>>> print(open('model_37.txt').read())   # compact mmCIF, N, CA and C atoms
# COMPACT_ATOMS: atom_id res chain seq x y z
N MET Q 19 8.51 59.66 78.20
CA MET Q 19 8.57 59.45 76.75
C MET Q 19 8.81 60.81 76.09
N SER Q 20 9.81 60.87 75.22
CA SER Q 20 10.12 62.13 74.56
C SER Q 20 9.02 62.53 73.59
N ARG Q 21 9.00 63.79 73.22
CA ARG Q 21 7.98 64.28 72.30
C ARG Q 21 8.07 63.57 70.95
N VAL Q 22 9.30 63.31 70.47
CA VAL Q 22 9.49 62.63 69.19
C VAL Q 22 8.96 61.20 69.28
N THR Q 23 9.31 60.49 70.34
CA THR Q 23 8.84 59.11 70.50
C THR Q 23 7.33 59.09 70.63
N LYS Q 24 6.77 60.05 71.36
CA LYS Q 24 5.32 60.13 71.52
C LYS Q 24 4.65 60.38 70.17
N SER Q 25 5.25 61.25 69.37
CA SER Q 25 4.72 61.54 68.04
C SER Q 25 4.76 60.30 67.16
N MET Q 26 5.86 59.56 67.21
CA MET Q 26 5.98 58.34 66.41
C MET Q 26 4.97 57.31 66.86
N THR Q 27 4.75 57.22 68.18
CA THR Q 27 3.76 56.27 68.69
C THR Q 27 2.37 56.64 68.22
N THR Q 28 2.07 57.94 68.20
CA THR Q 28 0.79 58.40 67.69
C THR Q 28 0.65 58.02 66.23
N ASN Q 29 1.72 58.22 65.46
CA ASN Q 29 1.68 57.85 64.06
C ASN Q 29 1.49 56.35 63.90
N LEU Q 30 2.15 55.56 64.74
CA LEU Q 30 1.96 54.11 64.70
C LEU Q 30 0.50 53.76 64.98
N SER Q 31 -0.08 54.44 65.95
CA SER Q 31 -1.49 54.19 66.28
C SER Q 31 -2.40 54.56 65.12
N GLU Q 32 -2.10 55.68 64.49
CA GLU Q 32 -2.90 56.12 63.34
C GLU Q 32 -2.77 55.13 62.18
N ILE Q 33 -1.55 54.70 61.92
CA ILE Q 33 -1.33 53.74 60.83
C ILE Q 33 -2.06 52.43 61.15
N HIS Q 34 -1.94 51.98 62.39
CA HIS Q 34 -2.59 50.73 62.76
C HIS Q 34 -4.11 50.85 62.67
N ALA Q 35 -4.66 51.99 63.06
CA ALA Q 35 -6.11 52.21 62.96
C ALA Q 35 -6.55 52.17 61.49
N GLU Q 36 -5.76 52.77 60.62
CA GLU Q 36 -6.08 52.76 59.18
C GLU Q 36 -5.99 51.33 58.62
N ILE Q 37 -4.99 50.57 59.07
CA ILE Q 37 -4.86 49.18 58.65
C ILE Q 37 -6.11 48.40 59.08
N GLU Q 38 -6.54 48.60 60.30
CA GLU Q 38 -7.74 47.91 60.80
C GLU Q 38 -8.97 48.28 59.98
N ARG Q 39 -9.13 49.56 59.69
CA ARG Q 39 -10.28 50.03 58.93
C ARG Q 39 -10.30 49.42 57.53
N LEU Q 40 -9.15 49.46 56.86
CA LEU Q 40 -9.07 48.92 55.50
C LEU Q 40 -9.23 47.40 55.49
N SER Q 41 -8.73 46.74 56.52
CA SER Q 41 -8.87 45.29 56.61
C SER Q 41 -10.34 44.89 56.76
N GLU Q 42 -11.07 45.65 57.56
CA GLU Q 42 -12.51 45.38 57.71
C GLU Q 42 -13.25 45.63 56.40
N GLU Q 43 -12.88 46.70 55.73
CA GLU Q 43 -13.50 47.00 54.43
C GLU Q 43 -13.20 45.88 53.42
N ARG Q 44 -11.98 45.40 53.43
CA ARG Q 44 -11.59 44.32 52.52
C ARG Q 44 -12.35 43.03 52.83
N ALA Q 45 -12.51 42.74 54.11
CA ALA Q 45 -13.26 41.54 54.51
C ALA Q 45 -14.71 41.63 54.01
N GLU Q 46 -15.31 42.80 54.13
CA GLU Q 46 -16.67 42.99 53.63
C GLU Q 46 -16.73 42.80 52.12
N LEU Q 47 -15.72 43.31 51.41
CA LEU Q 47 -15.69 43.14 49.95
C LEU Q 47 -15.53 41.67 49.58
N TRP Q 48 -14.69 40.94 50.31
CA TRP Q 48 -14.54 39.51 50.04
C TRP Q 48 -15.86 38.78 50.26
N HIS Q 49 -16.58 39.19 51.30
CA HIS Q 49 -17.88 38.58 51.56
C HIS Q 49 -18.85 38.85 50.40
N ARG Q 50 -18.87 40.09 49.93
CA ARG Q 50 -19.73 40.43 48.79
C ARG Q 50 -19.31 39.69 47.53
N LEU Q 51 -18.00 39.54 47.34
CA LEU Q 51 -17.49 38.85 46.16
C LEU Q 51 -17.85 37.35 46.21
N SER Q 52 -17.86 36.77 47.41
CA SER Q 52 -18.20 35.35 47.52
C SER Q 52 -19.68 35.11 47.20
N ALA Q 53 -20.50 36.12 47.42
CA ALA Q 53 -21.93 35.98 47.12
C ALA Q 53 -22.19 36.11 45.62
N GLU Q 54 -21.42 36.99 44.98
CA GLU Q 54 -21.63 37.23 43.55
C GLU Q 54 -20.36 37.82 42.95
N TYR Q 55 -19.89 37.24 41.86
CA TYR Q 55 -18.68 37.75 41.22
C TYR Q 55 -18.95 39.11 40.59
N ASP Q 56 -18.05 40.04 40.88
CA ASP Q 56 -18.14 41.38 40.31
C ASP Q 56 -16.71 41.88 40.08
N PRO Q 57 -16.36 42.15 38.82
CA PRO Q 57 -14.99 42.61 38.54
C PRO Q 57 -14.63 43.91 39.26
N GLN Q 58 -15.60 44.77 39.51
CA GLN Q 58 -15.31 46.02 40.22
C GLN Q 58 -14.91 45.75 41.67
N ILE Q 59 -15.59 44.80 42.29
CA ILE Q 59 -15.24 44.44 43.67
C ILE Q 59 -13.85 43.82 43.69
N LYS Q 60 -13.56 42.98 42.73
CA LYS Q 60 -12.24 42.34 42.65
C LYS Q 60 -11.14 43.41 42.51
N GLU Q 61 -11.39 44.40 41.68
CA GLU Q 61 -10.42 45.48 41.50
C GLU Q 61 -10.26 46.31 42.77
N GLU Q 62 -11.36 46.55 43.47
CA GLU Q 62 -11.31 47.29 44.73
C GLU Q 62 -10.50 46.52 45.77
N ILE Q 63 -10.66 45.20 45.81
CA ILE Q 63 -9.87 44.37 46.73
C ILE Q 63 -8.39 44.49 46.40
N ARG Q 64 -8.06 44.46 45.13
CA ARG Q 64 -6.65 44.62 44.72
C ARG Q 64 -6.10 45.97 45.16
N ARG Q 65 -6.91 47.01 45.00
CA ARG Q 65 -6.48 48.36 45.40
C ARG Q 65 -6.24 48.41 46.91
N LEU Q 66 -7.18 47.82 47.66
CA LEU Q 66 -7.02 47.80 49.12
C LEU Q 66 -5.80 46.99 49.54
N ASP Q 67 -5.55 45.87 48.87
CA ASP Q 67 -4.36 45.07 49.17
C ASP Q 67 -3.08 45.89 48.97
N ALA Q 68 -3.02 46.64 47.89
CA ALA Q 68 -1.84 47.47 47.62
C ALA Q 68 -1.70 48.56 48.69
N GLU Q 69 -2.81 49.16 49.07
CA GLU Q 69 -2.77 50.20 50.09
C GLU Q 69 -2.37 49.62 51.45
N LEU Q 70 -2.88 48.44 51.76
CA LEU Q 70 -2.50 47.78 53.01
C LEU Q 70 -1.02 47.41 53.02
N ASP Q 71 -0.51 46.92 51.89
CA ASP Q 71 0.93 46.62 51.80
C ASP Q 71 1.76 47.86 52.09
N SER Q 72 1.35 48.97 51.52
CA SER Q 72 2.07 50.23 51.73
C SER Q 72 2.01 50.66 53.20
N LEU Q 73 0.83 50.54 53.80
CA LEU Q 73 0.70 50.91 55.21
C LEU Q 73 1.54 50.01 56.11
N TRP Q 74 1.58 48.71 55.81
CA TRP Q 74 2.42 47.82 56.61
C TRP Q 74 3.89 48.16 56.46
N ASP Q 75 4.31 48.54 55.24
CA ASP Q 75 5.70 48.97 55.04
C ASP Q 75 6.00 50.21 55.88
N ASP Q 76 5.07 51.18 55.88
CA ASP Q 76 5.24 52.39 56.69
C ASP Q 76 5.31 52.03 58.18
N HIS Q 77 4.45 51.11 58.59
CA HIS Q 77 4.39 50.69 59.99
C HIS Q 77 5.72 50.06 60.41
N ARG Q 78 6.25 49.16 59.58
CA ARG Q 78 7.54 48.51 59.90
C ARG Q 78 8.68 49.54 59.95
N ALA Q 79 8.69 50.46 58.99
CA ALA Q 79 9.76 51.47 58.95
C ALA Q 79 9.70 52.37 60.18
N LEU Q 80 8.51 52.77 60.56
CA LEU Q 80 8.38 53.64 61.72
C LEU Q 80 8.75 52.91 63.00
N ARG Q 81 8.36 51.64 63.13
CA ARG Q 81 8.75 50.86 64.30
C ARG Q 81 10.26 50.73 64.38
N ALA Q 82 10.91 50.51 63.25
CA ALA Q 82 12.38 50.42 63.23
C ALA Q 82 13.00 51.75 63.65
N ARG Q 83 12.43 52.85 63.18
CA ARG Q 83 12.95 54.17 63.54
C ARG Q 83 12.79 54.43 65.03
N VAL Q 84 11.65 54.03 65.60
CA VAL Q 84 11.43 54.20 67.04
C VAL Q 84 12.44 53.36 67.81
N ARG Q 85 12.67 52.15 67.35
CA ARG Q 85 13.55 51.23 68.08
C ARG Q 85 15.03 51.56 67.92
N PHE Q 86 15.45 51.87 66.68
CA PHE Q 86 16.88 52.02 66.41
C PHE Q 86 17.33 53.45 66.13
N GLY Q 87 16.41 54.35 65.89
CA GLY Q 87 16.77 55.72 65.58
C GLY Q 87 16.68 55.99 64.10
N ASP Q 88 16.95 57.24 63.75
CA ASP Q 88 16.87 57.67 62.36
C ASP Q 88 17.92 56.95 61.51
N ARG Q 89 17.53 56.53 60.33
CA ARG Q 89 18.43 55.79 59.44
C ARG Q 89 19.69 56.59 59.11
N ALA Q 90 19.54 57.87 58.83
CA ALA Q 90 20.69 58.71 58.46
C ALA Q 90 21.70 58.77 59.62
N ALA Q 91 21.20 58.87 60.84
CA ALA Q 91 22.10 58.91 62.00
C ALA Q 91 22.83 57.58 62.18
N ILE Q 92 22.14 56.49 61.95
CA ILE Q 92 22.76 55.16 62.07
C ILE Q 92 23.86 55.01 61.03
N VAL Q 93 23.59 55.40 59.79
CA VAL Q 93 24.58 55.31 58.72
C VAL Q 93 25.77 56.20 59.04
N ALA Q 94 25.52 57.40 59.54
CA ALA Q 94 26.61 58.32 59.88
C ALA Q 94 27.49 57.72 60.98
N ARG Q 95 26.89 57.14 62.01
CA ARG Q 95 27.67 56.50 63.08
C ARG Q 95 28.49 55.34 62.55
N ALA Q 96 27.89 54.55 61.67
CA ALA Q 96 28.61 53.41 61.10
C ALA Q 96 29.82 53.87 60.29
N ARG Q 97 29.65 54.94 59.53
CA ARG Q 97 30.77 55.47 58.73
C ARG Q 97 31.89 55.99 59.63
N VAL Q 98 31.54 56.66 60.71
CA VAL Q 98 32.54 57.15 61.66
C VAL Q 98 33.30 55.97 62.27
N GLU Q 99 32.55 54.95 62.68
CA GLU Q 99 33.19 53.77 63.26
C GLU Q 99 34.10 53.09 62.25
N GLU Q 100 33.67 53.03 61.01
CA GLU Q 100 34.49 52.41 59.95
C GLU Q 100 35.79 53.20 59.75
N ARG Q 101 35.67 54.53 59.73
CA ARG Q 101 36.87 55.36 59.59
C ARG Q 101 37.83 55.17 60.76
N LEU Q 102 37.29 55.08 61.95
CA LEU Q 102 38.13 54.88 63.13
C LEU Q 102 38.84 53.53 63.07
N GLU Q 103 38.14 52.50 62.61
CA GLU Q 103 38.77 51.19 62.49
C GLU Q 103 39.88 51.19 61.46
N ARG Q 104 39.67 51.90 60.34
CA ARG Q 104 40.72 51.98 59.32
C ARG Q 104 41.91 52.77 59.81
N ALA Q 105 41.68 53.79 60.62
CA ALA Q 105 42.75 54.64 61.13
C ALA Q 105 43.57 53.92 62.19
N ALA Q 106 42.96 52.95 62.86
CA ALA Q 106 43.66 52.27 63.97
C ALA Q 106 44.64 51.25 63.48
>>> encode(input="model_37.txt", output="structure tokens")
Amino acid sequence: MSRVTKSMTTNLSEIHAEIERLSEERAELWHRLSAEYDPQIKEEIRRLDAELDSLWDDHRALRARVRFGDRAAIVARARVEERLERAA
């Protein structure tokens, strides 16, 4: 495994660990909210949901980069291929 791929895998692990931690925290908040309504808890759940959405977006983007390569390199290759097709 290359150093870059290993680094990305580490980042994936870190992101996934953070997702797990925040998900557990959110579950606890939902449990507290079910026992007693509290607008502060509701707002905290919303904040955690937004943070989790962002982490999942980062996770998907990093997985795509590991699988397919850097986006800029892919776009550059596509443009070269397009130019070659037009020239032919």
>>> closest_atom_pairs(input="model_37.txt", of="region 35-80 of chain Q", to="region 84-96 of chain Q", cutoff="8 Å", atoms="only N, CA and C atoms", output="tab-separated table")
residue	atom	partner	partner_atom	distance
Q:Arg78	C	Q:Val84	N	7.8
Q:Ala79	C	Q:Val84	N	6.0
Q:Leu80	C	Q:Val84	N	4.1
>>> write_last_selection(input="model_37.txt", atoms="N, CA and C atoms", output="mmCIF file, in the frame of the given file")
data_model
loop_
_atom_site.group_PDB
_atom_site.id
_atom_site.type_symbol
_atom_site.label_atom_id
_atom_site.label_comp_id
_atom_site.auth_asym_id
_atom_site.auth_seq_id
_atom_site.Cartn_x
_atom_site.Cartn_y
_atom_site.Cartn_z
ATOM 1 N N ARG Q 78 6.250 49.160 59.580
ATOM 2 C CA ARG Q 78 7.540 48.510 59.900
ATOM 3 C C ARG Q 78 8.680 49.540 59.950
ATOM 4 N N ALA Q 79 8.690 50.460 58.990
ATOM 5 C CA ALA Q 79 9.760 51.470 58.950
ATOM 6 C C ALA Q 79 9.700 52.370 60.180
ATOM 7 N N LEU Q 80 8.510 52.770 60.560
ATOM 8 C CA LEU Q 80 8.380 53.640 61.720
ATOM 9 C C LEU Q 80 8.750 52.910 63.000
#
>>> closest_residue(input="model_37.txt", among="Q:Leu73, Q:Leu47, Q:Ala53, Q:Ile59", to="Ile33 (chain Q)", atoms="all atoms listed in the file")
Q:Leu73
>>> atom_distance(input="model_37.txt", atom1="atom N of Asp71 (chain Q)", atom2="atom N of Tyr55 (chain Q)")
23.9 Å
>>> axis_aligned_box(input="model_37.txt", around="region 57-73 of chain Q", padding_each_side="8 Å", output="lines of an AutoDock Vina configuration file")
center_x = -7.1
center_y = 46.5
center_z = 47.3
size_x = 34.4
size_y = 24.8
size_z = 33.6
>>> atom_distance(input="model_37.txt", atom1="atom C of Ala35 (chain Q)", atom2="CA of Ser72 (chain Q)")
13.2 Å
>>> atom_distance(input="model_37.txt", atom1="atom C of Leu66 (chain Q)", atom2="CA of Leu40 (chain Q)")
7.1 Å
>>> residues_around(input="model_37.txt", residues="Ile37 (chain Q)", least_positions_apart="6", cutoff="8 Å", atoms="only N, CA and C atoms", output="PyMOL selection string")
chain Q and resi 31+43+69-70+73-74
>>> residues_around(input="model_37.txt", residues="Ala45 (chain Q)", least_positions_apart="3", cutoff="12 Å", atoms="only C-alpha atoms", output="ChimeraX atom specification")
/Q:38-42,48-52,59-60,62-63,66-67
>>> closest_residue(input="model_37.txt", among="Q:Glu100, Q:Leu30, Q:Gln58, Q:Glu36", to="Arg81 (chain Q)", atoms="only N, CA and C atoms")
Q:Leu30
